[in-house]
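Scroll down for the structure; my scribbles are underneath it.
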Number of protein chains: 2
Amino acid sequence: MNKAEILIIDDEPQIRKLLRINLESNDYKVVQASDAKEGLTLAATHPPDLILLDIGLPDKNGHLLLQELREWYNKPIIMLSVQNSEEDIVSALDNGATDYLTKPFRTGELLARIRSAIRRSQNTENHSVVIAGELEIDLIARTVKKTGEMIKLTSTEYNLLALFAKNEGKVLTHQLLLKEIWGYSYQQETQYLRVFVGTLRKKIEDNPNHPEYIVTESGVGYRFQQPL
Amino acid sequence: MNKAEILIIDDEPQIRKLLRINLESNDYKVVQASDAKEGLTLAATHPPDLILLDIGLPDKNGHLLLQELREWYNKPIIMLSVQNSEEDIVSALDNGATDYLTKPFRTGELLARIRSAIRRSQNTENHSVVIAGELEIDLIARTVKKTGEMIKLTSTEYNLLALFAKNEGKVLTHQLLLKEIWGYSYQQETQYLRVFVGTLRKKIEDNPNHPEYIVTESGVGYRFQQPL
DNA sequence: ACAAATTTTTACAAAATCTTTATAGACCAA
DNA sequence: TTGGTCTATAAAGATTTTGTAAAAATTTGT
């Protein structure tokens, strides 16, 4: 199981330090930004599993940053703020924030709310094991088996296959795939997809020249499906 | 869009009344229970879209009821409690509560958290499928089936068919079709349409010489319709 | 710091799709 | 019937998209 990655966007060094220590000791990988600009860049180049976003940033209002992030980022965003006004809370939640905590917060509660948010975002209506033909993809254990045999995948290969498995039968566009796996700013790098779909097919298809699991939809993207 | 239904499980009549009035004036349908037993029965016989669950119930601890509900109910459950202890909050969230608010709560915030929870839970199921005769066009998965068999279409063929399907029964002019599929500057290229309507008919019609799904309206355009 | 594993680039071949051209048929009005 | 307009189909050609191998760069683990 890979560590979940959390991006902290907050300008107060003490808060960042407090958060980092608590999160790392709970087995999260932490990335930090001290202003909106840096946060946006980090989120776009390397999408985290959850964002902790302070409202009072020096260079941009947190509500605005939330809206900008929500244009393409759909994993959890938990807002932190010294503001306890109802207006702030309602606005944040209606703009797509997953949760809202007022500072000072209790770290145990914050951690529980983070666990809850990540759990829900991974449980998007999918079973923990996806079975397609001879393939078994265990989304909790992060393992893949074919006819019972374990298949060794690199991290990126697995992430790609898991995304496919969660959307069995649906076409996933190049852009969606790139956005989800590599990040918002990689949407033009379709060559990455060709390479990684290629290596995945070599590992999971009976005949990589006539793929049955990952089929290409020319000009659109790829589709993961039950073999015929 | 039907009204979302909310089940309130709380033993204090004043709180129930306050909640009911607020929720109903925000266009929710409200069902009420005053103890755990009644709540469980109501939830089971007529599953609501969201449950508001008070922790301090007379006949059973709310934490326990939460666990029992979560064995089968996977829509949002928001916990309400006079308890503000971190232990309570963490326990509730880790047992699958969607959110936790301490009484007295601000109704605006509660309503925002309810909207947020319902929005997220509904995001997972919106399959729109157009059915015409033997044809099934799944606009999300981007698949077309005829008598259950998948039909392989190229990107442009699919785009064209999807546009037809979204406008079943209506005549679509050459210009509109060309503009939508190829772009504004292709409005004179009616030959494109002849070619692509031709290939589509070969793939979806029983007898392409006597089309039933895509009929031509000479001099005007084409119409997609239910076969007679 | 080094070796191994993985990801990112680059280059080119192969396949699929789209565009264009050519030809023929259908329909209608004079 | 005849000429004109609109439509259908096949097939060649041009273009775009995809697949694959392998080198270069980066990351990871020891």
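Just so we're on the same page: first chain in the structure tokens is A, next is B, and so on; residues restart at 1 for each chain, and ligands are numbered from 1 in the order they show up.
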DSSP-assigned strand (DSSP E or B) members of segment 89-225 of chain A, reported as JSON, numbers by chain: {"A": [99, 100, 101, 102, 129, 130, 131, 132, 135, 136, 137, 138, 143, 144, 145, 146, 149, 150, 151, 171, 172, 173, 214, 215, 216, 217, 221, 222, 223, 224]}
May I have the residues from that selection written out with C-alpha atoms, as an mmCIF file, in the first residue's frame?
data_model
loop_
_atom_site.group_PDB
_atom_site.id
_atom_site.type_symbol
_atom_site.label_atom_id
_atom_site.label_comp_id
_atom_site.auth_asym_id
_atom_site.auth_seq_id
_atom_site.Cartn_x
_atom_site.Cartn_y
_atom_site.Cartn_z
ATOM 1 C CA ASP A 99 -14.950 19.735 4.995
ATOM 2 C CA TYR A 100 -14.200 22.855 7.022
ATOM 3 C CA LEU A 101 -12.359 23.115 10.319
ATOM 4 C CA THR A 102 -11.747 26.220 12.368
ATOM 5 C CA VAL A 129 -11.766 -6.263 -5.890
ATOM 6 C CA VAL A 130 -12.491 -5.840 -9.580
ATOM 7 C CA ILE A 131 -12.636 -9.011 -11.622
ATOM 8 C CA ALA A 132 -12.423 -8.995 -15.394
ATOM 9 C CA LEU A 135 -7.748 -10.643 -14.024
ATOM 10 C CA GLU A 136 -8.233 -9.803 -10.367
ATOM 11 C CA ILE A 137 -7.432 -6.291 -9.239
ATOM 12 C CA ASP A 138 -7.497 -5.756 -5.484
ATOM 13 C CA THR A 143 -2.305 -6.248 -6.110
ATOM 14 C CA VAL A 144 -3.080 -7.699 -9.517
ATOM 15 C CA LYS A 145 -3.443 -11.382 -10.307
ATOM 16 C CA LYS A 146 -3.952 -13.197 -13.575
ATOM 17 C CA GLU A 149 -0.648 -15.574 -10.421
ATOM 18 C CA MET A 150 0.596 -12.300 -9.023
ATOM 19 C CA ILE A 151 1.658 -9.774 -11.638
ATOM 20 C CA VAL A 171 -14.150 5.139 -22.327
ATOM 21 C CA LEU A 172 -11.580 7.215 -20.485
ATOM 22 C CA THR A 173 -10.227 10.055 -22.579
ATOM 23 C CA ILE A 214 -7.536 -2.488 -22.564
ATOM 24 C CA VAL A 215 -8.881 -1.593 -25.971
ATOM 25 C CA THR A 216 -8.070 1.605 -27.754
ATOM 26 C CA GLU A 217 -10.723 4.020 -28.898
ATOM 27 C CA GLY A 221 -8.854 7.291 -25.327
ATOM 28 C CA TYR A 222 -8.912 3.769 -23.940
ATOM 29 C CA ARG A 223 -11.515 1.465 -22.484
ATOM 30 C CA PHE A 224 -11.063 -1.293 -19.920
#
Taking only C-alpha atoms (C1' of nucleotides) into account, find every residue of chain A that has an atom no more than 10 Å from chain D, and write it out as a JSON list (two decimals) with C-alpha atoms, in the first residue's frame.
[["chain", "number", "residue", "atom", "x", "y", "z"],
["A", 191, "GLN", "CA", 2.88, 9.69, -25.52],
["A", 194, "ARG", "CA", 1.02, 4.97, -25.25],
["A", 195, "VAL", "CA", 4.12, 3.81, -23.44],
["A", 197, "VAL", "CA", -0.66, 1.21, -21.91],
["A", 198, "GLY", "CA", 1.91, -0.70, -23.95],
["A", 199, "THR", "CA", 3.74, -2.06, -20.91],
["A", 209, "ASN", "CA", -1.17, -7.31, -30.32],
["A", 216, "THR", "CA", -8.07, 1.61, -27.75],
["A", 218, "SER", "CA", -8.86, 5.79, -31.62],
["A", 219, "GLY", "CA", -8.93, 9.55, -31.32],
["A", 220, "VAL", "CA", -10.62, 9.40, -27.93]]
- prompt: If we count only C-alpha atoms (C1' of nucleotides), which residues of chain C reach to within 8 Å of chain A? Please list them as a count of residues only.
  reply: 3
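Here the question is which of A:Lys75, A:Lys170, A:Arg142, A:His46 gets nearest to chain B using only C-alpha atoms, and that residue is A:Lys170.
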Restrict the calculation to only C-alpha atoms, then for each residue of chain B with any atom at most 12 Å from an atom of chain A give the closest atom pair and their distance in Å to one decimal, rows by chain and rising residue number, as a Markdown table.
| residue | atom | partner | partner_atom | distance |
| --- | --- | --- | --- | --- |
| B:Asn74 | CA | A:Glu125 | CA | 9.5 |
| B:Lys75 | CA | A:Glu125 | CA | 10.7 |
| B:Pro76 | CA | A:Arg120 | CA | 10.6 |
| B:Asn84 | CA | A:Glu109 | CA | 10.7 |
| B:Ser85 | CA | A:Glu109 | CA | 9.5 |
| B:Glu86 | CA | A:Glu109 | CA | 6.1 |
| B:Glu87 | CA | A:Gly108 | CA | 8.2 |
| B:Asp88 | CA | A:Glu109 | CA | 9.4 |
| B:Ile89 | CA | A:Glu109 | CA | 6.6 |
| B:Val90 | CA | A:Ala112 | CA | 5.4 |
| B:Ser91 | CA | A:Ala112 | CA | 8.3 |
| B:Ala92 | CA | A:Ala112 | CA | 9.1 |
| B:Leu93 | CA | A:Ser116 | CA | 6.2 |
| B:Asp94 | CA | A:Ala112 | CA | 6.5 |
| B:Asn95 | CA | A:Ser116 | CA | 9.0 |
| B:Gly96 | CA | A:Ser116 | CA | 7.3 |
| B:Ala97 | CA | A:Ser116 | CA | 8.1 |
| B:Thr98 | CA | A:Ser116 | CA | 7.5 |
| B:Asp99 | CA | A:Arg113 | CA | 8.3 |
| B:Tyr100 | CA | A:Arg113 | CA | 9.5 |
| B:Leu101 | CA | A:Leu101 | CA | 11.4 |
| B:Phe105 | CA | A:Glu86 | CA | 10.3 |
| B:Arg106 | CA | A:Glu86 | CA | 7.4 |
| B:Thr107 | CA | A:Glu86 | CA | 9.2 |
| B:Gly108 | CA | A:Glu86 | CA | 6.9 |
| B:Glu109 | CA | A:Val90 | CA | 5.7 |
| B:Leu110 | CA | A:Val90 | CA | 8.8 |
| B:Leu111 | CA | A:Val90 | CA | 8.4 |
| B:Ala112 | CA | A:Val90 | CA | 5.4 |
| B:Arg113 | CA | A:Leu93 | CA | 6.8 |
| B:Ile114 | CA | A:Leu93 | CA | 9.6 |
| B:Arg115 | CA | A:Asp94 | CA | 7.6 |
| B:Ser116 | CA | A:Leu93 | CA | 6.2 |
| B:Ala117 | CA | A:Thr98 | CA | 8.6 |
| B:Ile118 | CA | A:Asp94 | CA | 11.5 |
| B:Arg119 | CA | A:Gly96 | CA | 9.3 |
| B:Arg120 | CA | A:Thr98 | CA | 9.0 |
| B:Ser121 | CA | A:Thr124 | CA | 8.9 |
| B:Gln122 | CA | A:Glu125 | CA | 10.5 |
| B:Asn123 | CA | A:Thr124 | CA | 9.0 |
| B:Thr124 | CA | A:Glu125 | CA | 6.7 |
| B:Glu125 | CA | A:Glu125 | CA | 8.8 |
| B:His127 | CA | A:Lys170 | CA | 10.8 |
| B:Asp138 | CA | A:Lys170 | CA | 9.3 |
| B:Leu139 | CA | A:Lys170 | CA | 9.6 |
| B:Ile140 | CA | A:Lys170 | CA | 6.9 |
| B:Ala141 | CA | A:Lys170 | CA | 3.9 |
| B:Arg142 | CA | A:Val171 | CA | 6.1 |
| B:Thr143 | CA | A:Lys170 | CA | 7.8 |
| B:Val144 | CA | A:Lys170 | CA | 11.5 |
| B:Glu149 | CA | A:Leu228 | CA | 10.4 |
| B:Met150 | CA | A:Leu228 | CA | 10.0 |
| B:Lys152 | CA | A:Glu217 | CA | 9.2 |
| B:Leu153 | CA | A:Glu217 | CA | 8.9 |
| B:Thr154 | CA | A:Ser218 | CA | 7.0 |
| B:Ser155 | CA | A:Gly219 | CA | 6.3 |
| B:Thr156 | CA | A:Gly219 | CA | 8.9 |
| B:Glu157 | CA | A:Gly219 | CA | 11.6 |
| B:Tyr158 | CA | A:Val220 | CA | 10.6 |
| B:Asn159 | CA | A:Val220 | CA | 10.7 |
Those same residues - C-alpha atoms - I'd like them written as a PDB file, in the first residue's frame.
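Result file follows (result-v5.pdb):
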ATOM      1  CA  ASN B  74     -24.310   3.649   2.413  1.00  0.00           C
ATOM      2  CA  LYS B  75     -25.820   7.044   1.854  1.00  0.00           C
ATOM      3  CA  PRO B  76     -24.793   9.999   4.040  1.00  0.00           C
ATOM      4  CA  ASN B  84     -18.121  17.886  21.820  1.00  0.00           C
ATOM      5  CA  SER B  85     -15.532  15.369  22.933  1.00  0.00           C
ATOM      6  CA  GLU B  86     -12.846  14.502  20.436  1.00  0.00           C
ATOM      7  CA  GLU B  87     -13.273  10.841  21.243  1.00  0.00           C
ATOM      8  CA  ASP B  88     -16.930  10.923  20.198  1.00  0.00           C
ATOM      9  CA  ILE B  89     -16.174  12.717  16.972  1.00  0.00           C
ATOM     10  CA  VAL B  90     -13.310  10.457  15.989  1.00  0.00           C
ATOM     11  CA  SER B  91     -15.277   7.347  16.794  1.00  0.00           C
ATOM     12  CA  ALA B  92     -18.266   8.493  14.754  1.00  0.00           C
ATOM     13  CA  LEU B  93     -16.182   9.444  11.713  1.00  0.00           C
ATOM     14  CA  ASP B  94     -14.194   6.215  11.857  1.00  0.00           C
ATOM     15  CA  ASN B  95     -17.394   4.239  12.011  1.00  0.00           C
ATOM     16  CA  GLY B  96     -18.557   5.715   8.756  1.00  0.00           C
ATOM     17  CA  ALA B  97     -20.367   8.901   9.717  1.00  0.00           C
ATOM     18  CA  THR B  98     -20.266  11.406   6.876  1.00  0.00           C
ATOM     19  CA  ASP B  99     -20.067  14.396   9.181  1.00  0.00           C
ATOM     20  CA  TYR B 100     -20.460  15.424  12.818  1.00  0.00           C
ATOM     21  CA  LEU B 101     -22.012  18.582  14.207  1.00  0.00           C
ATOM     22  CA  PHE B 105     -25.529  24.079  15.514  1.00  0.00           C
ATOM     23  CA  ARG B 106     -26.045  26.882  13.044  1.00  0.00           C
ATOM     24  CA  THR B 107     -28.812  25.946  10.644  1.00  0.00           C
ATOM     25  CA  GLY B 108     -27.100  27.560   7.666  1.00  0.00           C
ATOM     26  CA  GLU B 109     -24.032  25.450   8.245  1.00  0.00           C
ATOM     27  CA  LEU B 110     -26.072  22.308   8.746  1.00  0.00           C
ATOM     28  CA  LEU B 111     -27.932  22.926   5.508  1.00  0.00           C
ATOM     29  CA  ALA B 112     -24.658  23.492   3.664  1.00  0.00           C
ATOM     30  CA  ARG B 113     -23.217  20.264   5.051  1.00  0.00           C
ATOM     31  CA  ILE B 114     -26.359  18.433   4.013  1.00  0.00           C
ATOM     32  CA  ARG B 115     -26.164  19.846   0.484  1.00  0.00           C
ATOM     33  CA  SER B 116     -22.512  18.900   0.315  1.00  0.00           C
ATOM     34  CA  ALA B 117     -23.108  15.341   1.497  1.00  0.00           C
ATOM     35  CA  ILE B 118     -26.032  14.752  -0.861  1.00  0.00           C
ATOM     36  CA  ARG B 119     -24.177  16.255  -3.800  1.00  0.00           C
ATOM     37  CA  ARG B 120     -21.257  13.907  -3.252  1.00  0.00           C
ATOM     38  CA  SER B 121     -23.391  10.819  -2.819  1.00  0.00           C
ATOM     39  CA  GLN B 122     -25.312  11.510  -6.009  1.00  0.00           C
ATOM     40  CA  ASN B 123     -22.219  12.091  -8.097  1.00  0.00           C
ATOM     41  CA  THR B 124     -21.739   8.398  -8.568  1.00  0.00           C
ATOM     42  CA  GLU B 125     -24.768   7.434 -10.596  1.00  0.00           C
ATOM     43  CA  HIS B 127     -26.023   6.915 -16.583  1.00  0.00           C
ATOM     44  CA  ASP B 138     -24.717   4.820 -23.645  1.00  0.00           C
ATOM     45  CA  LEU B 139     -23.626   8.428 -23.626  1.00  0.00           C
ATOM     46  CA  ILE B 140     -21.394   8.067 -20.567  1.00  0.00           C
ATOM     47  CA  ALA B 141     -19.570   4.867 -21.475  1.00  0.00           C
ATOM     48  CA  ARG B 142     -19.542   5.894 -25.123  1.00  0.00           C
ATOM     49  CA  THR B 143     -20.787   2.521 -26.276  1.00  0.00           C
ATOM     50  CA  VAL B 144     -23.392   1.439 -28.817  1.00  0.00           C
ATOM     51  CA  GLU B 149     -23.969  -6.799 -29.218  1.00  0.00           C
ATOM     52  CA  MET B 150     -21.342  -4.108 -29.064  1.00  0.00           C
ATOM     53  CA  LYS B 152     -17.535  -0.679 -33.000  1.00  0.00           C
ATOM     54  CA  LEU B 153     -17.740   2.904 -34.207  1.00  0.00           C
ATOM     55  CA  THR B 154     -15.008   5.368 -35.010  1.00  0.00           C
ATOM     56  CA  SER B 155     -14.865   8.582 -33.079  1.00  0.00           C
ATOM     57  CA  THR B 156     -16.633  10.660 -35.710  1.00  0.00           C
ATOM     58  CA  GLU B 157     -19.261   8.007 -36.319  1.00  0.00           C
ATOM     59  CA  TYR B 158     -20.004   7.884 -32.615  1.00  0.00           C
ATOM     60  CA  ASN B 159     -20.152  11.661 -32.274  1.00  0.00           C
TER      61      ASN B 159
END
field: All alpha helix (DSSP H) residues (DSSP, backbone) inside segment 1-208 of chain A, as a PyMOL selection string
entry: chain A and resi 13-25+36-45+62-70+86-94+107-122+155-166+174-181+190-204
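Using only C-alpha atoms, the nearest neighbour of Asp10 of chain B within the list B:Thr190, B:Gln32, B:Gln226, B:Thr41 is B:Gln32.
Relative to atom CA of Lys179 of chain B, atom CA of Pro208 of chain B is found at 25.1 Å.
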task: For segment 13-15 of chain B, list every protein, DNA or RNA residue within 12 Å, evaluated using only C-alpha atoms (C1' of nucleotides), and leave out those in the same chain fewer than 6 positions away; present the list as an NGL selection string.
output: :B and (21-23 or 32-35 or 52-54 or 80-82 or 103-105 or 107)
query: How many Å separate atom C1' of DT7 of chain C from atom CA of Val30 of chain A?
result: 21.6 Å
query: How far is it from atom CA of Ala36 of chain A to atom CA of Gln187 of chain A, in Å with one decimal?
result: 21.6 Å
message: Show me, as a list of chain:residue names, the residues that have an atom within 12 Å of Asp206 of chain B when counting only C-alpha atoms (C1' of nucleotides), minus same-chain residues fewer than 6 positions from it.
response: B:Gly133, B:Glu134, B:Leu135, B:Lys146, B:Thr147, B:Leu200, B:Glu212, B:Tyr213, B:Ile214, B:Pro227
Neighbour list for Gln188 of chain A as a CSV table (one decimal) with C-alpha atoms, in the first residue's frame, cut-off 8 Å, only C-alpha atoms (C1' of nucleotides), skip fewer than 3 positions in-chain:
chain,number,residue,atom,x,y,z
A,175,GLN,CA,-6.9,13.9,-21.1
A,178,LEU,CA,-3.3,12.1,-17.9
A,185,SER,CA,-0.4,20.1,-16.4
